[in-house]
Each structure stands twice: as structure tokens, then as C-alpha cells.
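Contents: one structure, followed by commentary.
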Amino acid sequence: MPRIYLSPPHMGNMERELLLEAFDSNWIAPLGPHVDAFEREFCKTIGVSHSVALSSGTAALHLAMILLGVSAGDEVLVSSFTFVSTVNAVTYVGATPVLIDSDDISWNMDPMLLKEELEDCARRGKLPKAVIVVDLYGQCADYDSINAICDHFKVPIVEDAAETLGATYKGRPAGSFGKMGVFSFNGNKIITTSGGGMLVSEDGALIDRARHLATQARDPAPHYQHSEIGFNYRMSNLLAAVGRGQLRALDQRVARRREIFEFYRSALGNIPGIYFIPDAPYGNSNRWLTCITVDPDEFGASREDIRLALEAENIESRPVWKPMHLQPVFSRCRVRGGEVSAEIFEKGLCLPSGTDLKEADLIRIVEIVRGCKLKNYSP
Ligand SMILES: *Cc1c(COP(=O)(O)O)cnc(C)c1O
């Protein structure tokens, strides 16, 4: 049996044609007409005014920190329950991450903990330079609450929507809630350019400056002249062509991910000890990955038993992100809360969620999961 991956790339004919068109035009890299078109079409898709296509989501996060003037000695509040890249970006500019735990409504940053932390920061007379809010596994954080709190303290938000393209919060697209929004087109995301990212904002001056910094901060002159330190962070024209094709399929991809989630939920949702990632009432998740939590006492097997049983059948599943406050590299960071994401990490598993999964694959997967219960059953 060929291996079933967690979330492999899903390419169509459109991507292939656009890529070949870019190739044949000899407009290989960097930049070119597909990059401009990808940015335009991306803006239209998520309803923001300005965007810049970059080499990765991590590059977008790094630039966002620079654009907000975050530097050594500053603090930035960040969701603890995330992929490491979010917090790494804070350290790239020499600032200190402060980690905020999740709530169990959406697994995203708990607005109450954010408020408590900001109040403490204000009392100490040192507010953070920014808050990076992550939209985890395809579901938005609670932006009405989070925006109100951050507005009150006048701290700008960067929305890490790397996992959440195509989702909405109260009808408004993910990625449009902060001062800037960040997306990723890494290979396992809902759409991919093999590697890539996008930084978006309503503020055109910010995005112009991001574009400048991302192209080695080259001044307008016939020779190469530089007045500040820049980066090589732009997306290539070839990859933007792939991105344009992927973007056209986004609605279908979201629909299929949601279908896969519903399949798992109807097949496993009634089994004692198996729970699904909570469905926050305020939004529409893109269901990037279907996540379950497993209570081993109730179910009769642990999430690791399930993971190994799937692996034995050449099926990839993965524990949910290990929270950043539990990571050796960030163990000295201040953390607000921590128990909620720690518990999700103990019990959480991401099931194969690729949009190319066949019904037969899905049936096999749920049978293997159900089988774990029987194998480990002790009355
Ligand atoms: C994937 C991801 C990123 C990083 O994106 P890259 O394109 O891989 O650099 C950042 N944040 C989150 C939450 C992600 O899932």
C-alpha cells in the first residue's frame, strides 16, 4: 500500500499549465508577472488591499516584526500553542517572546489570559511591542475580544493565519484582523507553492516597505546602493505561477477538508474517549487538519497507540504541536497559563487530512482507529 501522508500537496492541471507558461516565458526568477498577479488575486480572495509574496511564512513573520519596530529588549506576546516559526520570528529581531496559553473554545489564544498579561505589563510600565495571534488548525481566534483588548492598550496585532487561508470569523476572512496578516504556502498547507508565504495589510506603506526589505533593501539607483540591511525574501515567478493555480482551487480545497472532517466526526465522534477539536461558534474553519483528543481511560488506548497503529499500516498521523512553553529552546520564557495547551498536547492527534484522500483510505483509517480500542480493551 502506498504511504498515506498527513497533508500532502494536491496539484491540478491549472498549476501545471501556469508553471509551464512561466517556464516557457523564461521569466524564472526572481519576481515577474506571475508574482504581481498572485499578489493581486490573493488580495481579492481574502479582501485585503495590499500584499507581498515572499519565500516563506516565516519570512513574512520576520518582516512583520521589523515593520512594527520590534527590536532588542522589547517583548512580544505570542500564542504558546503554535508551530515554532511564530515564536522564532520574535527572537530574530532580538526581542523576548512572552507565551500565552489557549482556551478550550477554539484552542487559540485565551483573550482573558491576554488581558491579564497586558494589565500586568501596563502595571510594570512596559507594554509589549506587538501581539502575534495564531489561528490554529484552520480556525480563527476570537478577534472581537482580542482586538478590543489590544486596542485598549494600543498594541498592534499580527495575525498568523498560516494554517487558516479560506476560513472566516463572523463572515470575514482569516488574515484580515491584525495590522498585518501572515500566510504560508509550505508543502503541507491547504494550498502550496512548495515553499512560500504572503504578508498582507490594509496599510500600503507597510507593504511597500516590506517589499523593499525583502529585495535586499535596494535603493532606486542604476547601480546597487543600500541604505539599510535587507533580506532575500521574495517569491520566485515560477512558484507564484503554481500559487495562482492553487488559489483558484481554494474553495474546493476548503470544501473537501471540511468533508473529510465530517467523515471522521460521523465515524468516530460517538466513541467514548474520542473528542474533536472544538468548533468555535463564531466562524467557519477551513479544517486544515482534523484533530482529535483521546482520553486513554475512556477510550482504552492512547493517542500514541493510535499513531503507532496507523504507522504500522504506513499511514502518517502526528501529535498536535508541542506548545512553545514546553519546548527546551523557550523554557526560560515567561508564560501566562499553560495547562490547557499542555493537556491538548498530551492527548491530541492530527489525522490524515489531505484533499486527495480517497473514501477507501478514510474508511481504512477509521477502522484502524476503532481497532485500537478493541486491541487494548480490558473490562
Ligand atoms: C506553517 C506555519 C508557519 C511557517 O510558515 P513557513 O512557510 O513554513 O515558513 C508559521 N506559523 C504557523 C502557525 C504555521 O503553521
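Ordering of the C-alpha cells sets the chain letters (A, B, ...), residue numbers begin anew at 1 in every chain, and ligands are numbered from 1 in the order given.
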
- request: Set the cut-off to 8 Å, count only C-alpha atoms and all ligand atoms, and list whatever residues fall near ligand 1 as a PyMOL selection string.
  value: chain A and resi 55-61+82-86+134-137+160-163+182-189+195-197

Residue subset to file, keeping N, CA, C and O atoms, as a compact mmCIF listing (two decimals), in the first residue's frame:
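Written out: out.txt:
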# COMPACT_ATOMS: atom_id res chain seq x y z
N SER A 55 9.23 34.33 0.36
CA SER A 55 9.80 32.98 0.25
C SER A 55 9.23 32.01 1.28
O SER A 55 9.33 30.80 1.10
N SER A 56 8.65 32.52 2.35
CA SER A 56 8.04 31.65 3.35
C SER A 56 7.15 32.45 4.29
O SER A 56 7.25 33.68 4.35
N GLY A 57 6.34 31.73 5.04
CA GLY A 57 5.55 32.37 6.09
C GLY A 57 6.45 32.90 7.19
O GLY A 57 6.18 33.95 7.79
N THR A 58 7.53 32.19 7.45
CA THR A 58 8.49 32.63 8.47
C THR A 58 9.10 33.98 8.08
O THR A 58 9.25 34.88 8.94
N ALA A 59 9.43 34.15 6.80
CA ALA A 59 9.96 35.42 6.32
C ALA A 59 8.93 36.53 6.53
O ALA A 59 9.28 37.65 6.93
N ALA A 60 7.66 36.22 6.29
CA ALA A 60 6.60 37.21 6.49
C ALA A 60 6.52 37.62 7.96
O ALA A 60 6.38 38.81 8.28
N LEU A 61 6.63 36.65 8.87
CA LEU A 61 6.59 36.95 10.31
C LEU A 61 7.80 37.81 10.70
O LEU A 61 7.67 38.77 11.47
N THR A 82 1.43 26.70 19.02
CA THR A 82 1.67 27.04 17.62
C THR A 82 2.86 26.25 17.10
O THR A 82 3.51 25.50 17.85
N PHE A 83 3.14 26.43 15.83
CA PHE A 83 4.37 25.94 15.22
C PHE A 83 5.50 26.90 15.58
O PHE A 83 5.29 28.10 15.71
N VAL A 84 6.70 26.37 15.72
CA VAL A 84 7.83 27.11 16.28
C VAL A 84 8.14 28.41 15.53
O VAL A 84 8.65 29.39 16.11
N SER A 85 7.84 28.44 14.26
CA SER A 85 8.17 29.58 13.42
C SER A 85 7.63 30.91 13.95
O SER A 85 8.29 31.94 13.88
N THR A 86 6.42 30.87 14.52
CA THR A 86 5.79 32.08 15.05
C THR A 86 6.67 32.74 16.11
O THR A 86 6.86 33.96 16.12
N VAL A 134 -2.20 33.43 16.73
CA VAL A 134 -2.19 32.34 15.75
C VAL A 134 -3.60 31.78 15.60
O VAL A 134 -4.32 31.62 16.59
N ASP A 135 -3.97 31.52 14.35
CA ASP A 135 -5.24 30.83 14.06
C ASP A 135 -4.89 29.37 13.80
O ASP A 135 -4.37 29.02 12.73
N LEU A 136 -5.19 28.52 14.77
CA LEU A 136 -4.64 27.17 14.76
C LEU A 136 -5.53 26.17 14.01
O LEU A 136 -6.74 26.17 14.19
N TYR A 137 -4.91 25.33 13.22
CA TYR A 137 -5.57 24.21 12.55
C TYR A 137 -6.78 24.63 11.73
O TYR A 137 -7.72 23.87 11.54
N ASP A 160 -1.18 35.45 12.60
CA ASP A 160 -0.52 34.33 11.93
C ASP A 160 -1.61 33.39 11.42
O ASP A 160 -2.10 32.53 12.16
N ALA A 161 -1.98 33.60 10.15
CA ALA A 161 -3.05 32.81 9.53
C ALA A 161 -2.46 31.75 8.60
O ALA A 161 -3.12 31.31 7.65
N ALA A 162 -1.23 31.31 8.92
CA ALA A 162 -0.53 30.36 8.05
C ALA A 162 -1.35 29.09 7.79
O ALA A 162 -1.24 28.48 6.74
N GLU A 163 -2.17 28.71 8.79
CA GLU A 163 -2.92 27.45 8.67
C GLU A 163 -4.38 27.68 8.29
O GLU A 163 -5.17 26.74 8.28
N VAL A 182 -0.32 37.06 8.08
CA VAL A 182 0.75 36.22 7.54
C VAL A 182 0.15 34.91 7.04
O VAL A 182 -0.66 34.29 7.74
N PHE A 183 0.57 34.50 5.84
CA PHE A 183 0.14 33.21 5.30
C PHE A 183 1.35 32.39 4.90
O PHE A 183 2.42 32.94 4.64
N SER A 184 1.17 31.07 4.83
CA SER A 184 2.24 30.16 4.39
C SER A 184 1.73 29.29 3.25
O SER A 184 0.57 28.84 3.27
N PHE A 185 2.62 29.04 2.29
CA PHE A 185 2.33 28.08 1.22
C PHE A 185 3.32 26.94 1.27
O PHE A 185 3.75 26.40 0.25
N ASN A 186 3.72 26.59 2.49
CA ASN A 186 4.57 25.43 2.71
C ASN A 186 3.85 24.17 2.20
O ASN A 186 2.63 24.16 2.05
N GLY A 187 4.63 23.12 1.96
CA GLY A 187 4.10 21.93 1.29
C GLY A 187 2.91 21.27 1.92
O GLY A 187 2.12 20.61 1.23
N ASN A 188 2.71 21.43 3.23
CA ASN A 188 1.59 20.72 3.86
C ASN A 188 0.38 21.63 4.11
O ASN A 188 -0.62 21.19 4.65
N LYS A 189 0.45 22.87 3.70
CA LYS A 189 -0.66 23.79 3.96
C LYS A 189 -1.81 23.56 2.97
O LYS A 189 -1.67 22.79 2.03
N GLY A 195 7.14 26.05 -1.31
CA GLY A 195 7.52 26.87 -0.18
C GLY A 195 7.16 28.29 -0.54
O GLY A 195 7.34 28.70 -1.70
N GLY A 196 6.64 29.05 0.41
CA GLY A 196 6.28 30.43 0.11
C GLY A 196 5.44 31.02 1.20
O GLY A 196 5.02 30.31 2.13
N GLY A 197 5.23 32.33 1.12
CA GLY A 197 4.41 32.99 2.12
C GLY A 197 3.86 34.29 1.57
O GLY A 197 4.22 34.71 0.47

message: Quick one: residues within 8 Å of Thr355 of chain A, only C-alpha atoms, excluding same-chain residues fewer than 3 positions away - as a PyMOL selection string?
response: chain A and resi 7+10+253+256-257+260

Just N, CA and C atoms for this one: save the residues we selected as a PDB file, in the first residue's frame.
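Produced file again-v1.pdb, reproduced below:
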ATOM      1  N   SER A   7      -0.783  15.534   5.088  1.00  0.00           N
ATOM      2  CA  SER A   7      -1.378  16.637   4.328  1.00  0.00           C
ATOM      3  C   SER A   7      -0.485  16.957   3.121  1.00  0.00           C
ATOM      4  N   HIS A  10      -1.552  18.948  -3.225  1.00  0.00           N
ATOM      5  CA  HIS A  10      -2.600  18.481  -4.135  1.00  0.00           C
ATOM      6  C   HIS A  10      -2.619  19.420  -5.341  1.00  0.00           C
ATOM      7  N   ARG A 253     -10.830  23.122  -2.147  1.00  0.00           N
ATOM      8  CA  ARG A 253      -9.969  22.504  -1.134  1.00  0.00           C
ATOM      9  C   ARG A 253     -10.588  22.651   0.261  1.00  0.00           C
ATOM     10  N   ARG A 256     -13.486  20.258   0.583  1.00  0.00           N
ATOM     11  CA  ARG A 256     -13.062  18.865   0.756  1.00  0.00           C
ATOM     12  C   ARG A 256     -12.492  18.616   2.161  1.00  0.00           C
ATOM     13  N   ARG A 257     -11.705  19.586   2.678  1.00  0.00           N
ATOM     14  CA  ARG A 257     -11.171  19.412   4.039  1.00  0.00           C
ATOM     15  C   ARG A 257     -12.321  19.322   5.042  1.00  0.00           C
ATOM     16  N   ILE A 260     -13.884  15.916   4.841  1.00  0.00           N
ATOM     17  CA  ILE A 260     -13.051  14.900   5.500  1.00  0.00           C
ATOM     18  C   ILE A 260     -13.259  14.959   7.009  1.00  0.00           C
TER      19      ILE A 260
END

At a cut-off of 9 Å, using only C-alpha atoms, what residues contact segment 267-273 of chain A? Leave out same-chain residues fewer than 5 positions from it and give the result as a compact mmCIF listing (two decimals) with N, CA and C atoms, in the first residue's frame.
# COMPACT_ATOMS: atom_id res chain seq x y z
N GLU A 262 -15.90 16.02 8.56
CA GLU A 262 -17.23 15.49 8.89
C GLU A 262 -17.26 13.96 8.79
N THR A 293 -8.74 14.57 20.27
CA THR A 293 -8.04 14.28 21.52
C THR A 293 -8.58 12.95 22.04
N VAL A 294 -7.68 12.19 22.64
CA VAL A 294 -8.01 10.84 23.06
C VAL A 294 -7.82 10.74 24.57
N ASP A 295 -8.89 10.39 25.26
CA ASP A 295 -8.78 10.12 26.70
C ASP A 295 -8.52 8.61 26.85
N PRO A 296 -7.31 8.23 27.24
CA PRO A 296 -6.96 6.80 27.21
C PRO A 296 -7.80 5.96 28.17
N ASP A 297 -8.22 6.55 29.30
CA ASP A 297 -9.03 5.76 30.25
C ASP A 297 -10.40 5.45 29.66
N GLU A 298 -10.98 6.46 29.02
CA GLU A 298 -12.31 6.25 28.44
C GLU A 298 -12.26 5.40 27.18
N PHE A 299 -11.25 5.69 26.34
CA PHE A 299 -11.20 5.02 25.03
C PHE A 299 -10.60 3.62 25.13
N GLY A 300 -9.65 3.45 26.03
CA GLY A 300 -8.99 2.15 26.14
C GLY A 300 -7.69 2.07 25.35
N ILE A 363 -12.00 5.18 5.12
CA ILE A 363 -12.64 4.04 5.78
C ILE A 363 -11.58 3.18 6.48
N VAL A 366 -10.39 5.03 9.75
CA VAL A 366 -11.28 4.96 10.92
C VAL A 366 -11.36 3.53 11.46
N VAL A 369 -8.37 3.11 13.70
CA VAL A 369 -8.56 3.83 14.96
C VAL A 369 -9.51 3.04 15.86
N ARG A 370 -10.62 2.59 15.30
CA ARG A 370 -11.58 1.81 16.10
C ARG A 370 -10.93 0.53 16.64

query: Could you pull out all residues of segment 56-175 of chain A with a DSSP call of helix (DSSP H, G or I) and give them as a ChimeraX atom specification?
result: /A:57-67,84-92,111-124,136-138,143-153

Of the listed residues A:Lys126, A:Lys115, A:Arg265, A:Arg258, that which approaches Leu289 of chain A most closely, counting only C-alpha atoms: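 Among A:Lys126, A:Lys115, A:Arg265, A:Arg258, it is A:Arg258 that comes nearest to Leu289 of chain A.
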
task: Just the residues within 12 Å of Gly371 of chain A, please, counting only C-alpha atoms, with nothing from its chain fewer than 2 positions along; format it as a list in words.
output: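 Near neighbours after the sequence-gap exclusion: Leu268, Ile271, Phe299, Gly300, Ala301, Asp305, Ile306, Ala309, Leu310, Arg364, Ile365, Val366, Glu367, Ile368, Val369, Lys373, Leu374, Lys375, Asn376 and Tyr377 of chain A.
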
field: All residues 9 Å or closer to Ala214 of chain A, only C-alpha atoms, same chain fewer than 3 positions away omitted, as a VMD selection string
entry: chain A and resid 54 59 63 209 to 211 217 230 to 234

Restricting it to C-alpha atoms, dump the selection as a tab-separated table (two decimals), in the first residue's frame.
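Done, and the output landed in result_1.tsv:
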chain	number	residue	atom	x	y	z
A	54	LEU	CA	7.58	36.03	0.00
A	59	ALA	CA	9.96	35.42	6.32
A	63	LEU	CA	9.37	41.24	8.28
A	209	ARG	CA	8.40	48.80	2.91
A	210	ALA	CA	8.16	45.01	3.30
A	211	ARG	CA	8.73	44.65	-0.44
A	217	ALA	CA	16.68	46.95	0.56
A	230	GLY	CA	17.65	43.95	3.71
A	231	PHE	CA	16.82	40.33	3.03
A	232	ASN	CA	16.42	37.97	0.09
A	233	TYR	CA	12.83	37.06	0.88
A	234	ARG	CA	10.83	37.36	-2.37

task: Excluding Trp107 of chain A and any residue of its chain fewer than 3 positions from it, enumerate the residues within 9 Å of it, using only C-alpha atoms, and give them as a list in words.
output: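 What passes the distance filter is Phe81, Asp101, Ser102, Asp103, Asp104, Asp110, Asp135, Leu136, Tyr137, Gln139, Ala141, Ile277, Pro278, Val340, Ser341 and Ile344 of chain A.
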
Using the selection just defined, write its residues with N, CA, C and O atoms as a short mmCIF file (atom, residue, chain, number, x, y, z; two decimals), in the first residue's frame.
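Output (part.cif):
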data_model
loop_
_atom_site.label_atom_id
_atom_site.label_comp_id
_atom_site.auth_asym_id
_atom_site.auth_seq_id
_atom_site.Cartn_x
_atom_site.Cartn_y
_atom_site.Cartn_z
N PHE A 81 0.58 27.84 21.86
CA PHE A 81 0.18 26.65 21.11
C PHE A 81 0.27 26.99 19.61
O PHE A 81 -0.66 27.53 19.02
N ASP A 101 -1.31 31.10 26.84
CA ASP A 101 -1.98 29.80 26.65
C ASP A 101 -3.29 29.96 25.87
O ASP A 101 -3.78 31.06 25.62
N SER A 102 -3.85 28.81 25.50
CA SER A 102 -5.09 28.74 24.72
C SER A 102 -6.31 28.64 25.63
O SER A 102 -6.17 28.32 26.82
N ASP A 103 -7.48 28.84 25.06
CA ASP A 103 -8.71 28.45 25.75
C ASP A 103 -9.22 27.16 25.10
O ASP A 103 -8.65 26.69 24.12
N ASP A 104 -10.27 26.56 25.69
CA ASP A 104 -10.74 25.33 25.08
C ASP A 104 -11.97 25.57 24.19
O ASP A 104 -12.66 24.64 23.81
N ASP A 110 -6.19 32.59 24.60
CA ASP A 110 -7.29 32.88 25.52
C ASP A 110 -7.34 34.38 25.76
O ASP A 110 -6.41 34.95 26.34
N ASP A 135 -3.97 31.52 14.35
CA ASP A 135 -5.24 30.83 14.06
C ASP A 135 -4.89 29.37 13.80
O ASP A 135 -4.37 29.02 12.73
N LEU A 136 -5.19 28.52 14.77
CA LEU A 136 -4.64 27.17 14.76
C LEU A 136 -5.53 26.17 14.01
O LEU A 136 -6.74 26.17 14.19
N TYR A 137 -4.91 25.33 13.22
CA TYR A 137 -5.57 24.21 12.55
C TYR A 137 -6.78 24.63 11.73
O TYR A 137 -7.72 23.87 11.54
N GLN A 139 -8.79 27.41 12.28
CA GLN A 139 -9.87 28.10 12.99
C GLN A 139 -9.37 29.43 13.58
O GLN A 139 -8.32 29.48 14.21
N ALA A 141 -8.95 32.77 15.93
CA ALA A 141 -9.07 33.16 17.33
C ALA A 141 -10.27 34.10 17.47
O ALA A 141 -10.88 34.50 16.47
N ILE A 277 -11.53 18.56 17.86
CA ILE A 277 -11.17 19.96 18.10
C ILE A 277 -12.47 20.76 18.20
O ILE A 277 -13.39 20.57 17.41
N PRO A 278 -12.59 21.62 19.23
CA PRO A 278 -13.88 22.31 19.42
C PRO A 278 -14.19 23.23 18.24
O PRO A 278 -13.30 23.73 17.57
N VAL A 340 -3.80 24.38 29.60
CA VAL A 340 -4.79 24.00 28.58
C VAL A 340 -4.08 23.38 27.38
O VAL A 340 -4.38 22.25 26.96
N SER A 341 -3.09 24.08 26.83
CA SER A 341 -2.41 23.53 25.65
C SER A 341 -1.56 22.31 26.03
O SER A 341 -1.39 21.40 25.21
N ILE A 344 -3.92 19.42 25.85
CA ILE A 344 -4.25 19.08 24.46
C ILE A 344 -3.07 18.34 23.83
O ILE A 344 -3.24 17.38 23.09
#

- prompt: Neighbours of Ala148 of chain A within 12 Å (only C-alpha atoms; same-chain residues fewer than 3 positions away dropped), as a list of chain:residue names?
  reply: A:Pro111, A:Met112, A:Leu114, A:Lys115, A:Asp142, A:Tyr143, A:Asp144, A:Ser145, A:Asp151, A:His152, A:Phe153, A:Lys154, A:Val155, A:Pro156, A:Ile157, A:Phe177, A:Gly178
